[in-house]
Structures are given as structure tokens and as C-alpha cells.
file coords25.txt (compact mmCIF, C-alpha atoms and all ligand atoms)
# COMPACT_ATOMS: atom_id res chain seq x y z
CA MET A 1 117.62 137.48 87.52
CA PHE A 2 114.26 135.75 87.72
CA PHE A 3 111.23 136.84 89.72
CA ARG A 4 108.27 134.90 91.06
CA GLY A 5 105.88 133.87 88.27
CA MET A 6 108.22 135.18 85.56
CA GLU A 7 108.33 133.56 82.13
CA GLY A 8 111.30 131.18 81.92
CA MET A 9 111.47 130.53 85.66
CA GLU A 10 111.36 126.79 86.37
CA LYS A 11 108.42 125.48 88.33
CA THR A 12 108.28 122.74 90.94
CA LEU A 13 105.09 120.95 91.87
CA LEU A 14 105.10 120.40 95.63
CA LEU A 15 103.13 117.46 97.05
CA TYR A 16 101.75 119.57 99.82
CA SER A 17 99.71 118.59 102.90
CA GLY A 18 99.80 121.64 105.17
CA GLY A 19 101.82 119.79 107.85
CA LEU A 20 105.21 120.85 109.17
CA ASP A 21 107.48 119.38 106.47
CA THR A 22 105.59 120.55 103.41
CA SER A 23 104.68 123.99 104.81
CA VAL A 24 108.37 124.65 105.32
CA MET A 25 109.08 123.33 101.82
CA VAL A 26 106.96 125.98 100.08
CA LYS A 27 109.55 128.62 101.03
CA TRP A 28 112.59 126.35 101.18
CA ILE A 29 112.22 125.29 97.54
CA GLN A 30 111.98 128.87 96.32
CA GLU A 31 115.06 129.82 98.35
CA LYS A 32 117.32 126.81 97.89
CA TYR A 33 116.34 125.46 94.47
CA GLY A 34 115.48 128.83 92.93
CA THR A 35 112.25 127.64 91.27
CA ASP A 36 108.67 128.76 91.52
CA VAL A 37 106.32 126.52 93.49
CA VAL A 38 102.90 125.19 92.56
CA CYS A 39 101.28 123.38 95.50
CA PHE A 40 99.26 120.22 94.98
CA LEU A 41 96.98 119.19 97.80
CA ALA A 42 94.84 116.10 97.21
CA ASP A 43 91.43 116.00 98.88
CA LEU A 44 91.15 112.35 99.91
CA GLY A 45 88.58 112.89 102.64
CA GLN A 46 90.63 114.62 105.32
CA PRO A 47 88.79 117.32 107.34
CA LYS A 48 87.59 120.14 105.08
CA GLU A 49 88.73 122.86 107.54
CA GLU A 50 92.27 121.51 107.40
CA ILE A 51 92.26 121.56 103.62
CA GLU A 52 90.99 125.13 103.59
CA ALA A 53 93.50 126.34 106.18
CA ALA A 54 96.36 124.60 104.39
CA LYS A 55 95.34 126.00 101.02
CA GLU A 56 94.93 129.51 102.33
CA LYS A 57 98.46 129.96 103.56
CA THR A 58 100.27 128.81 100.40
CA LEU A 59 99.92 132.08 98.48
CA ALA A 60 101.22 134.06 101.47
CA LEU A 61 104.21 131.72 101.41
CA GLY A 62 104.93 132.66 97.81
CA ALA A 63 103.41 129.71 95.93
CA LEU A 64 102.03 130.56 92.47
CA LYS A 65 98.88 128.59 93.21
CA CYS A 66 97.49 125.69 95.18
CA ILE A 67 95.60 123.04 93.22
CA VAL A 68 93.18 120.99 95.32
CA PRO A 69 91.42 118.28 93.30
CA ASP A 70 88.54 116.42 94.92
CA LEU A 71 89.66 112.79 94.66
CA ASN A 72 87.26 111.33 97.22
CA ASP A 73 85.19 109.11 94.92
CA GLU A 74 88.16 108.01 92.88
CA PHE A 75 90.06 107.08 96.01
CA ALA A 76 87.12 105.01 97.25
CA ASP A 77 86.28 103.36 93.93
CA ARG A 78 89.75 102.61 92.57
CA PHE A 79 91.87 102.10 95.69
CA ILE A 80 89.80 101.40 98.82
CA SER A 81 87.55 98.93 96.98
CA LYS A 82 90.62 96.96 95.83
CA SER A 83 92.01 96.94 99.33
CA ILE A 84 88.75 95.61 100.77
CA LYS A 85 88.72 92.82 98.18
CA ALA A 86 92.32 92.01 99.15
CA ASN A 87 91.60 92.26 102.91
CA GLY A 88 94.48 94.76 102.79
CA LEU A 89 96.30 94.78 106.12
CA TYR A 90 100.07 95.28 106.33
CA GLU A 91 101.66 92.91 108.84
CA GLY A 92 98.13 91.79 109.66
CA GLU A 93 97.19 95.09 111.30
CA TYR A 94 97.51 98.33 109.37
CA PRO A 95 94.76 98.99 106.76
CA LEU A 96 97.22 100.82 104.45
CA SER A 97 95.28 104.09 104.61
CA THR A 98 98.22 106.43 104.08
CA ALA A 99 99.95 104.07 101.64
CA LEU A 100 96.97 103.72 99.26
CA GLY A 101 96.50 107.49 99.08
CA ARG A 102 100.09 108.04 97.95
CA TYR A 103 99.59 106.35 94.59
CA LEU A 104 96.54 108.36 93.61
CA ILE A 105 98.38 111.53 94.68
CA VAL A 106 101.26 110.69 92.33
CA GLU A 107 98.98 109.76 89.42
CA LYS A 108 97.23 113.13 89.60
CA ALA A 109 100.37 115.09 90.44
CA VAL A 110 102.19 113.80 87.37
CA GLN A 111 99.28 114.89 85.14
CA ILE A 112 99.09 118.31 86.77
CA ALA A 113 102.87 118.83 86.74
CA LYS A 114 102.79 118.30 82.98
CA GLN A 115 99.79 120.63 82.50
CA GLU A 116 101.43 123.34 84.61
CA GLY A 117 104.81 123.01 82.90
CA CYS A 118 106.63 121.92 86.06
CA THR A 119 110.06 120.35 85.59
CA ALA A 120 110.26 118.82 89.06
CA ILE A 121 108.06 117.28 91.71
CA ALA A 122 109.01 117.81 95.36
CA HIS A 123 107.88 116.00 98.48
CA GLY A 124 108.40 116.36 102.22
CA GLY A 125 109.52 112.79 102.95
CA THR A 126 112.53 111.97 105.09
CA GLY A 127 115.34 109.53 104.34
CA LYS A 128 113.93 107.06 106.86
CA GLY A 129 110.33 107.01 105.80
CA ASN A 130 108.00 105.25 103.40
CA VAL A 131 106.83 108.47 101.73
CA GLN A 132 110.04 108.86 99.69
CA VAL A 133 109.83 105.27 98.47
CA ARG A 134 106.17 105.40 97.44
CA PHE A 135 106.35 108.84 95.85
CA GLU A 136 109.65 108.45 94.05
CA LEU A 137 109.14 104.92 92.73
CA SER A 138 105.72 105.93 91.41
CA ILE A 139 106.94 109.17 89.82
CA LYS A 140 109.74 107.22 88.13
CA ALA A 141 107.24 104.65 86.84
CA LEU A 142 104.86 107.27 85.43
CA ALA A 143 107.17 110.12 84.39
CA PRO A 144 110.75 108.84 84.23
CA LYS A 145 112.16 112.18 83.08
CA MET A 146 110.65 114.25 85.88
CA LYS A 147 113.16 115.68 88.35
CA ILE A 148 112.48 114.83 91.98
CA PHE A 149 113.35 117.05 94.94
CA ALA A 150 113.37 115.62 98.43
CA PRO A 151 114.61 118.62 100.45
CA VAL A 152 114.15 117.06 103.91
CA ARG A 153 116.47 114.23 102.87
CA GLU A 154 118.86 116.30 100.74
CA PHE A 155 119.42 118.92 103.46
CA GLU A 156 119.15 116.40 106.31
CA LEU A 157 116.45 118.47 107.97
CA THR A 158 115.03 117.46 111.35
CA ARG A 159 111.66 118.47 112.77
CA ASP A 160 113.44 120.85 115.16
CA VAL A 161 115.33 122.55 112.33
CA GLU A 162 112.06 122.84 110.40
CA LYS A 163 110.28 124.37 113.40
CA ALA A 164 113.08 126.95 113.81
CA TYR A 165 112.97 127.79 110.07
CA ALA A 166 109.17 128.13 110.24
CA LYS A 167 109.53 130.54 113.17
CA GLU A 168 112.17 132.60 111.42
CA LYS A 169 110.16 132.86 108.20
CA GLU A 170 106.84 133.28 110.02
CA ILE A 171 105.35 130.19 108.42
CA PRO A 172 102.18 129.30 110.31
CA ILE A 173 102.15 125.66 111.47
CA PRO A 174 99.08 124.17 113.21
CA GLU A 175 99.84 123.30 116.86
CA GLU A 176 98.93 119.64 116.30
CA ALA A 177 101.34 119.43 113.37
CA LYS A 178 104.16 120.80 115.52
CA LYS A 179 103.60 118.09 118.12
CA TYR A 180 102.80 115.10 115.92
CA SER A 181 103.25 113.92 112.38
CA ILE A 182 99.75 113.25 111.07
CA ASP A 183 98.35 111.93 107.82
CA GLU A 184 94.63 111.57 107.30
CA ASN A 185 92.22 110.48 104.61
CA MET A 186 88.84 108.74 104.56
CA TRP A 187 90.42 105.29 105.06
CA GLY A 188 92.09 106.35 108.30
CA LYS A 189 94.31 108.63 110.28
CA SER A 190 97.98 107.93 111.08
CA THR A 191 99.74 109.68 113.95
CA GLU A 192 103.37 109.41 115.05
CA GLU A 193 106.24 111.42 116.59
CA GLY A 194 106.12 113.55 119.77
CA PRO A 195 104.90 111.64 122.82
CA ILE A 196 104.09 108.63 120.61
CA ASN A 197 107.82 108.03 120.20
CA ASP A 198 107.68 106.46 123.68
CA ALA A 199 106.25 103.10 122.65
CA SER A 200 106.10 101.91 126.26
CA LYS A 201 103.17 104.25 126.94
CA GLU A 202 99.53 104.30 125.94
CA PRO A 203 99.04 107.07 123.35
CA PRO A 204 97.67 110.35 124.75
CA LYS A 205 93.94 110.91 124.38
CA ASP A 206 94.39 114.25 122.63
CA ILE A 207 95.39 112.59 119.35
CA PHE A 208 92.09 110.81 118.77
CA THR A 209 89.59 112.50 116.50
CA LEU A 210 88.05 109.60 114.52
CA SER A 211 87.76 106.90 117.20
CA CYS A 212 86.90 107.67 120.80
CA PHE A 213 88.46 105.72 123.66
CA PRO A 214 86.34 102.58 124.23
CA GLU A 215 85.77 103.56 127.87
CA ASP A 216 84.22 106.82 126.69
CA SER A 217 81.89 105.12 124.21
CA PRO A 218 78.17 104.46 124.90
CA ASP A 219 77.14 101.51 127.09
CA LYS A 220 74.93 100.14 124.32
CA PRO A 221 76.00 98.22 121.21
CA VAL A 222 75.22 99.46 117.71
CA TYR A 223 74.51 97.01 114.86
CA VAL A 224 75.38 97.74 111.25
CA LYS A 225 74.44 95.61 108.26
CA ILE A 226 76.80 95.80 105.30
CA GLY A 227 75.71 94.59 101.87
CA PHE A 228 78.36 93.38 99.39
CA GLU A 229 78.43 92.91 95.62
CA LYS A 230 81.48 91.24 94.05
CA GLY A 231 83.43 91.91 97.24
CA VAL A 232 82.62 95.62 97.41
CA PRO A 233 80.38 97.14 100.08
CA ILE A 234 77.34 98.66 98.38
CA SER A 235 74.82 99.25 101.16
CA LEU A 236 74.65 100.17 104.82
CA ASN A 237 71.65 99.08 106.88
CA GLY A 238 69.77 98.30 103.67
CA LYS A 239 70.45 101.68 102.06
CA LYS A 240 72.46 101.64 98.82
CA MET A 241 75.18 104.26 98.66
CA PRO A 242 78.47 105.03 96.92
CA LEU A 243 81.49 103.55 98.69
CA LYS A 244 82.77 106.99 99.66
CA ASN A 245 79.53 107.81 101.54
CA LEU A 246 79.42 104.38 103.10
CA VAL A 247 82.97 104.77 104.43
CA GLU A 248 82.28 108.28 105.73
CA THR A 249 79.12 107.19 107.53
CA LEU A 250 80.70 104.08 108.98
CA ASN A 251 83.69 106.09 110.23
CA LYS A 252 81.29 108.17 112.32
CA VAL A 253 79.15 105.29 113.59
CA ALA A 254 82.00 102.90 114.40
CA GLY A 255 84.38 105.63 115.60
CA SER A 256 81.88 106.76 118.22
CA GLN A 257 81.67 103.15 119.48
CA GLY A 258 85.44 103.23 120.11
CA VAL A 259 86.21 101.04 117.08
CA GLY A 260 89.31 101.43 114.91
CA ILE A 261 92.24 102.24 117.20
CA ILE A 262 95.33 100.31 116.15
CA ASP A 263 98.53 100.91 118.10
CA CYS A 264 101.35 99.10 116.39
CA ILE A 265 105.04 98.68 115.90
CA GLU A 266 105.63 98.44 112.20
CA ASP A 267 108.48 97.55 109.85
CA ARG A 268 109.13 100.34 107.39
CA THR A 269 110.39 99.62 103.89
CA VAL A 270 113.87 100.94 104.68
CA GLY A 271 114.14 98.53 107.61
CA VAL A 272 113.61 100.74 110.64
CA LYS A 273 110.81 100.02 113.07
CA SER A 274 108.30 102.73 113.83
CA HIS A 275 105.53 103.24 116.35
CA GLU A 276 102.33 104.42 114.76
CA VAL A 277 98.83 104.93 116.10
CA TYR A 278 95.98 104.56 113.63
CA GLU A 279 92.30 105.38 113.76
CA CYS A 280 90.54 103.43 111.01
CA PRO A 281 86.96 102.71 112.14
CA ALA A 282 85.40 102.01 108.75
CA ALA A 283 88.40 100.05 107.46
CA VAL A 284 88.45 97.74 110.50
CA CYS A 285 84.71 97.03 110.10
CA LEU A 286 84.69 96.53 106.34
CA ILE A 287 87.72 94.25 106.22
CA LYS A 288 86.33 92.16 109.08
CA ALA A 289 82.95 91.87 107.32
CA HIS A 290 84.54 91.10 103.94
CA LYS A 291 86.75 88.36 105.38
CA ASP A 292 83.75 86.80 107.07
CA LEU A 293 81.72 86.77 103.86
CA GLU A 294 84.64 85.19 101.96
CA LYS A 295 84.67 82.40 104.52
CA LEU A 296 81.01 81.75 103.84
CA VAL A 297 81.19 81.58 100.06
CA LEU A 298 84.69 80.47 99.05
CA THR A 299 86.19 77.01 99.19
CA LYS A 300 88.85 76.09 101.73
CA GLU A 301 91.56 75.96 99.05
CA LEU A 302 90.66 79.35 97.65
CA ILE A 303 90.55 80.97 101.10
CA HIS A 304 93.92 79.52 102.08
CA PHE A 305 95.65 80.49 98.86
CA LYS A 306 94.04 83.93 98.82
CA LYS A 307 95.48 84.64 102.26
CA ILE A 308 98.97 84.29 100.76
CA VAL A 309 98.04 86.54 97.84
CA ASP A 310 96.42 89.10 100.17
CA ASN A 311 99.54 89.27 102.34
CA GLU A 312 101.78 89.71 99.33
CA TRP A 313 99.45 92.39 97.93
CA ALA A 314 99.54 94.36 101.20
CA LYS A 315 103.33 94.10 101.33
CA LEU A 316 103.69 95.44 97.77
CA VAL A 317 101.31 98.31 98.47
CA TYR A 318 103.09 99.16 101.71
CA THR A 319 106.58 99.01 100.23
CA GLY A 320 105.97 101.41 97.38
CA LEU A 321 105.48 98.93 94.55
CA TRP A 322 101.94 99.76 93.37
CA PHE A 323 103.14 100.11 89.78
CA ASP A 324 104.98 96.79 89.72
CA PRO A 325 103.15 94.53 87.23
CA LEU A 326 102.83 91.91 89.96
CA VAL A 327 100.16 94.10 91.63
CA GLU A 328 98.09 94.09 88.44
CA SER A 329 98.41 90.32 88.15
CA LEU A 330 97.43 89.80 91.78
CA ASN A 331 94.50 92.18 91.27
CA ALA A 332 93.26 89.94 88.47
CA PHE A 333 93.29 86.95 90.82
CA ILE A 334 91.69 88.91 93.65
CA GLU A 335 88.99 90.22 91.32
CA LYS A 336 88.15 86.69 90.14
CA ALA A 337 88.09 85.35 93.69
CA ASN A 338 85.61 88.07 94.67
CA GLU A 339 83.03 87.23 92.01
CA ARG A 340 80.80 85.39 94.48
CA VAL A 341 81.49 87.55 97.51
CA GLU A 342 77.90 88.76 97.64
CA GLY A 343 75.41 89.01 100.46
CA TRP A 344 75.46 90.78 103.79
CA VAL A 345 77.25 90.77 107.12
CA LYS A 346 75.88 92.25 110.32
CA LEU A 347 78.41 93.64 112.81
CA LYS A 348 77.94 94.44 116.48
CA LEU A 349 80.03 97.44 117.52
CA TYR A 350 80.56 97.77 121.22
CA LYS A 351 83.26 99.39 123.39
CA GLY A 352 85.92 99.23 120.71
CA GLY A 353 85.08 95.66 119.67
CA VAL A 354 83.69 94.41 116.37
CA GLN A 355 81.84 91.12 116.40
CA VAL A 356 80.09 89.41 113.51
CA ALA A 357 76.40 89.06 114.41
CA GLY A 358 75.02 87.30 111.34
CA ARG A 359 75.73 86.87 107.65
CA ASP A 360 74.07 85.41 104.57
CA SER A 361 74.68 84.94 100.85
CA LYS A 362 72.97 83.24 97.95
CA TYR A 363 76.37 81.64 97.29
CA SER A 364 76.77 80.34 100.86
CA LEU A 365 78.60 77.00 101.05
CA TYR A 366 77.55 76.63 104.66
CA ASN A 367 74.33 74.68 104.93
CA PRO A 368 73.48 72.38 107.83
CA GLU A 369 71.29 70.34 105.42
CA PHE A 370 74.24 69.63 103.12
CA ASN A 371 76.15 68.56 106.22
CA GLU A 372 73.27 66.26 107.27
CA SER A 373 73.38 64.54 103.90
CA VAL A 374 76.97 63.38 104.45
CA LYS A 375 76.92 59.59 105.01
CA GLN A 376 78.86 58.86 108.18
CA LYS A 377 80.22 55.61 106.81
CA HIS A 378 81.90 57.45 103.93
CA ALA A 379 84.28 58.89 106.49
CA ILE A 380 85.85 55.48 107.26
CA GLY A 381 87.63 55.12 103.92
CA PHE A 382 88.48 58.80 103.90
CA ILE A 383 90.18 58.56 107.30
CA GLU A 384 92.16 55.49 106.19
CA LEU A 385 93.55 57.17 103.10
CA TYR A 386 93.90 60.65 104.57
CA GLY A 387 96.03 59.41 107.48
CA LEU A 388 98.00 56.79 105.56
CA GLN A 389 101.25 58.68 105.06
CA GLN A 390 101.38 59.88 108.63
CA LYS A 391 100.79 56.33 109.87
CA VAL A 392 103.54 54.86 107.66
CA TRP A 393 105.88 57.68 108.63
CA SER A 394 105.57 56.75 112.31
CA MET A 395 106.00 53.07 111.61
CA VAL A 396 109.10 53.27 109.44
CA GLY A 397 110.65 55.78 111.82
CA GLY A 398 110.09 53.39 114.74
CA GLU A 399 108.16 56.06 116.56
CA ARG A 400 105.16 53.91 117.35
CA ASP A 401 105.12 52.10 120.67
CA ASP A 402 106.75 48.71 120.15
CA ALA A 403 103.87 46.50 121.21
CA MET A 404 101.58 48.21 118.72
CA ALA A 405 104.17 48.19 115.95
CA GLU A 406 104.56 44.42 116.38
CA LYS A 407 100.87 43.90 115.82
CA VAL A 408 100.48 46.10 112.79
CA LYS A 409 101.37 44.24 109.64
CA VAL A 410 102.10 46.15 106.50
CA GLU A 411 99.26 44.41 104.71
CA GLN A 412 96.88 45.73 107.29
CA LEU A 413 97.76 49.24 106.33
CA CYS A 414 95.60 49.47 103.27
N1 LIG B 1 103.19 104.20 108.74
C1 LIG B 1 102.21 104.51 107.77
C2 LIG B 1 102.65 104.20 106.38
O1 LIG B 1 103.82 104.11 106.14
C3 LIG B 1 101.77 105.96 107.89
C4 LIG B 1 102.81 106.97 107.47
C5 LIG B 1 102.41 108.41 107.73
N2 LIG B 1 102.29 108.65 109.12
C6 LIG B 1 102.24 109.85 109.67
N3 LIG B 1 102.02 109.86 110.94
N4 LIG B 1 102.39 110.92 109.00
O2 LIG B 1 101.85 104.04 105.50
call {"tool": "encode", "arguments": {"input": "coords25.txt", "output": "C-alpha cells", "more": "lines below"}}
Ligand code: ARG
result
Amino acid sequence: MFFRGMEGMEKTLLLYSGGLDTSVMVKWIQEKYGTDVVCFLADLGQPKEEIEAAKEKTLALGALKCIVPDLNDEFADRFISKSIKANGLYEGEYPLSTALGRYLIVEKAVQIAKQEGCTAIAHGGTGKGNVQVRFELSIKALAPKMKIFAPVREFELTRDVEKAYAKEKEIPIPEEAKKYSIDENMWGKSTEEGPINDASKEPPKDIFTLSCFPEDSPDKPVYVKIGFEKGVPISLNGKKMPLKNLVETLNKVAGSQGVGIIDCIEDRTVGVKSHEVYECPAAVCLIKAHKDLEKLVLTKELIHFKKIVDNEWAKLVYTGLWFDPLVESLNAFIEKANERVEGWVKLKLYKGGVQVAGRDSKYSLYNPEFNESVKQKHAIGFIELYGLQQKVWSMVGGERDDAMAEKVKVEQLC
């Protein structure tokens, strides 16, 4: 017979958030798997009060301890910065806020599980979600021998069953977490479930905490000037600051202008479609500004090819494949392509909209004087050669009007 905290009792590290699934798991794992539980809660910039409240209840639920590392700067410097350089948007819309956080959580959790002598890592993901894919693929890549528990999937738990279990065991669940499934970090907030399941309706106002509704925002625009160095934002309105502070400040400024709400239908890795509402004020602004600066300093070929790479990068990050070597290879390309992404972009934030209101760079390829120096007559030969194949295509296919085709002799072509 083993007792809590006893020598020899196996320990499970629970990837804990304080929401419905993982709060239930603290007790469920002790009861059903017969192991002790160490909670791991990553501070990635979610509200401090939520972290405190979540941490507080774990001991009452029988956890041995709750480890809460501050990963804010690391998240900004190692993950968000890469995503900005890659214009990271899944399916062109979602800034990958939840997805990016998952990989840092696993990196740290694997280290801590080893330090704490845990033989398993548990998570609260369902069999339909992306969480299981991102967590489990990453754990397998970093610690192939680690056992993985996914109780929600293994016991086919639903939110209603979890709520009933929480009631029975007197597990406190925040009201918001009962109604919605929420994930938040400094790169954005994701909300689904509850009333949001009805995708035919506008999401209820009560979910928004980072971005206000545009109609409730001030009647005056706000301008922000973002300075970039090698593709990474380094200053806001002329003031240099670490990326974490810049993101935090911009979340407040842009969020209060109604910027950052993204209501989208999204394709999950397992194939199901989901309806998610995001609030990502800083992410929307920084990706918009970064893309604009790239257009100023990169060549047409590089921009077009990078778009393909960026899309592929976002898909890999979304679908759980951060540790696939392809991501590292794409990062090398993205890094190189960002070498000249330096300068500044000014954004006008107004009633939920983000408009570019000026940009400049010492590497700018846009210069009306260069354009003036182009000799107009040089275009004649260019047009002839550039359109040659298309012209011949029409002729040999008989698609030109007959009278014209008669007149055009092959020798006239060149
Ligand atoms: N759909 C997003 C993703 O897969 C967010 C997932 C978490 N959403 C939530 N409401 N808990 O990255």
C-alpha cells in the first residue's frame, strides 16, 4: 500500500493549466493511475491572478507540488520572434498563439519530469484536439521512454462528465472555464466551446478580455511605430525594449482600439473543423508590420518563395511537428531572408482596423528615383520577349482572330 508522497510511489508530471480538464486530472490521475502528481504550470504571459488561483488549489487537490516557471522572455525570444519572421499564420488567419506555447511547455516539462523523478507526463487533451498531437509528438521526440497519460482520451471523458466529477470531488473550477475552453498566453487568447459552438452567431461579448469590440473603442485613431532589426521588433514608438515588453504593451494599446479579434473556422490536425475565437492584438499588428517591411526590402522572387515557406512553416507548427528537422531547415531559410528586414513601420489602429501609415528602411528597394532612371525604350524589347511564348501559344492554337493571324508572319514574331 502506497501513500501520497511515499518513497517508491510513481510520480506523474501533469501539464496543468487550471482549466476544467486539467483541474479534474489532478485527482483523476491519483485515483485511476495510482501515482502521485506533480503539477507543471508554465507562465507564458497569461493573467497573473489566474496563475496564482490555479497554483493555489493544486495542493488541496492532493498534488505534491506545483512548479510554475516564468517562461515569458524565452517564449518571446525563441518562439514568438521566429513566428514574426515567418509571418506565422495558420490558414492565413490564426497567429499560432496556443500552438507555439505547447512546444516550450514540453521542452521544460521533460526537463522537470526528469529532475523530479516522474515516470509519466499527463495532459488534458481530448482525442479530437490538437493538444494531444503537439504534446505527445514532442514528448516522444525529446524523451522517447517517457510514459504518456491522456486520461480525457483514455476514459472518453466529456466536459459534462468532468463537471459532474468536479462537483462530486469538490474541485473548484472558475465559472469562465466551466462555460468555455480557454487558452491564453502573451501571443493571444483562444476561446471555444459553450455558446461559441454555434458558428452561425457572433461570439458573445463576455468572452473578450484582450480586445474590445470595435464599436466600443475610442473614436480617435492611435499610431504606433515599430522598429525592426533582422525581422524582429526591437522598439515601440522609438523606445527600445525586450520583445516580451513590446508585445505586452502593444496588446494593451491595440486591444483597446478593438484590434485583434479573429473569428474563424479552422481545420484541426485530426481533420475535424472547429470554431475558435481569438484575441491577438499584438500578433495581428506585428505580423502586418513585418510583412509590410519585407515587401519594402526583399526582391519579388524572395517574397513569393518565402510565402510558400511561411505557409509550410505555419502548417508544421500547427500540426504538432515543431521537432521535425524540416522546421529547423525552414528556420535557416527564414533567418537568412530576414537579414535585411530592418527599419520601421507605422501603424494606424482604429475601430478594429490596422492600416500601414508609413515605413522606411536603409535597405528599401522602393525608390521613385530608381524608377525615374528606367529608360522607357528599354521596355520595348522586354515586352517582345516577355510575351513571346503567350503570343506563339495563341497562334499555334488558332485562338487568335483569323484576320490578325493571317497578317502575322512567323518571321515577324522575333
Ligand atoms: N485552435 C487553436 C490551436 O489548435 C487553439 C486551441 C486551444 N483552444 C482553446 N480554446 N482552449 O492551436
call {"tool": "residues_around", "arguments": {"input": "coords25.txt", "residues": "segment 57-59 of chain A", "least_positions_apart": "5", "cutoff": "8 Å", "atoms": "all atoms listed in the file", "output": "list in words"}}
result
Ser23, Val26, Cys39, Leu64, Lys65, Cys66 and Pro172 of chain A
call {"tool": "residues_around", "arguments": {"input": "coords25.txt", "residues": "Ala199 of chain A", "least_positions_apart": "5", "cutoff": "9 Å", "atoms": "only C-alpha atoms", "output": "PyMOL selection string"}}
result
chain A and resi 264-265+275-276
call {"tool": "atom_distance", "arguments": {"input": "coords25.txt", "atom1": "atom CA of Gly19 of chain A", "atom2": "atom CA of Ile182 of chain A"}}
result
7.6 Å
call {"tool": "closest_atom_pairs", "arguments": {"input": "coords25.txt", "of": "chain A", "to": "ligand LIG 1 (chain B)", "cutoff": "10 Å", "atoms": "all atoms listed in the file", "output": "Markdown table"}}
result
| residue | atom | partner | partner_atom | distance |
| --- | --- | --- | --- | --- |
| A:Gly19 | CA | B:LIG1 | N4 | 9.0 |
| A:Tyr90 | CA | B:LIG1 | O2 | 9.0 |
| A:Tyr94 | CA | B:LIG1 | C1 | 7.9 |
| A:Pro95 | CA | B:LIG1 | O2 | 8.8 |
| A:Leu96 | CA | B:LIG1 | O2 | 5.7 |
| A:Ser97 | CA | B:LIG1 | O2 | 6.6 |
| A:Thr98 | CA | B:LIG1 | O2 | 4.6 |
| A:Ala99 | CA | B:LIG1 | O2 | 4.3 |
| A:Leu100 | CA | B:LIG1 | O2 | 7.9 |
| A:Gly101 | CA | B:LIG1 | O2 | 9.0 |
| A:Arg102 | CA | B:LIG1 | O2 | 8.7 |
| A:Gly125 | CA | B:LIG1 | N4 | 9.5 |
| A:Gly129 | CA | B:LIG1 | O1 | 7.1 |
| A:Asn130 | CA | B:LIG1 | O1 | 5.1 |
| A:Val131 | CA | B:LIG1 | O1 | 6.9 |
| A:Val133 | CA | B:LIG1 | O1 | 9.8 |
| A:Arg134 | CA | B:LIG1 | O1 | 9.1 |
| A:Ala177 | CA | B:LIG1 | N4 | 9.6 |
| A:Tyr180 | CA | B:LIG1 | N3 | 7.3 |
| A:Ser181 | CA | B:LIG1 | N3 | 4.5 |
| A:Ile182 | CA | B:LIG1 | N3 | 4.1 |
| A:Asp183 | CA | B:LIG1 | N4 | 4.3 |
| A:Glu184 | CA | B:LIG1 | N4 | 8.0 |
| A:Gly188 | CA | B:LIG1 | C3 | 9.7 |
| A:Lys189 | CA | B:LIG1 | N3 | 7.8 |
| A:Ser190 | CA | B:LIG1 | N3 | 4.5 |
| A:Thr191 | CA | B:LIG1 | N3 | 3.8 |
| A:Glu192 | CA | B:LIG1 | N3 | 4.3 |
| A:Glu193 | CA | B:LIG1 | N3 | 7.2 |
| A:Ile196 | CA | B:LIG1 | N3 | 10.0 |
| A:Cys264 | CA | B:LIG1 | N1 | 9.4 |
| A:Ile265 | CA | B:LIG1 | N1 | 9.2 |
| A:Glu266 | CA | B:LIG1 | N1 | 7.1 |
| A:Asp267 | CA | B:LIG1 | N1 | 8.6 |
| A:Arg268 | CA | B:LIG1 | O1 | 6.6 |
| A:Thr269 | CA | B:LIG1 | O1 | 8.3 |
| A:Lys273 | CA | B:LIG1 | N1 | 9.7 |
| A:Ser274 | CA | B:LIG1 | N1 | 7.4 |
| A:His275 | CA | B:LIG1 | N1 | 8.0 |
| A:Glu276 | CA | B:LIG1 | N1 | 6.1 |
| A:Val277 | CA | B:LIG1 | N3 | 7.8 |
| A:Tyr278 | CA | B:LIG1 | C3 | 8.3 |
| A:Val317 | CA | B:LIG1 | O2 | 9.1 |
| A:Tyr318 | CA | B:LIG1 | O2 | 6.3 |
| A:Thr319 | CA | B:LIG1 | O1 | 8.3 |
| A:Gly320 | CA | B:LIG1 | O1 | 9.4 |
call {"tool": "residues_around", "arguments": {"input": "coords25.txt", "residues": "Thr22 of chain A", "least_positions_apart": "5", "cutoff": "9 Å", "atoms": "all atoms listed in the file", "output": "ChimeraX atom specification"}}
result
/A:14-17,123-125
call {"tool": "closest_residue", "arguments": {"input": "coords25.txt", "among": "A:Glu384, A:Asp21, A:Asp160, A:Glu170", "to": "Ala60 of chain A", "atoms": "only C-alpha atoms"}}
result
A:Glu170
call {"tool": "closest_residue", "arguments": {"input": "coords25.txt", "among": "A:Ala86, A:Ala164, A:Leu246, A:Val38", "to": "Ala63 of chain A", "atoms": "all atoms listed in the file"}}
result
A:Val38
call {"tool": "atom_distance", "arguments": {"input": "coords25.txt", "atom1": "atom CA of Pro204 of chain A", "atom2": "atom CA of Ile173 of chain A"}}
result
20.8 Å
call {"tool": "closest_residue", "arguments": {"input": "coords25.txt", "among": "A:Ala122, A:Ile262, A:Lys377, A:Lys82", "to": "Arg153 of chain A", "atoms": "all atoms listed in the file"}}
result
A:Ala122
call {"tool": "atom_distance", "arguments": {"input": "coords25.txt", "atom1": "atom CA of Ile334 of chain A", "atom2": "atom CA of Val259 of chain A"}}
result
26.9 Å
call {"tool": "residues_near_point", "arguments": {"input": "coords25.txt", "point": "(86.5, 97.2, 111.9)", "cutoff": "12 Å", "atoms": "all atoms listed in the file", "output": "PyMOL selection string"}}
result
chain A and resi 84+87+89+93-95+187-188+211+224+226+247+250-251+253-255+257-262+279-292+346-350+352-356
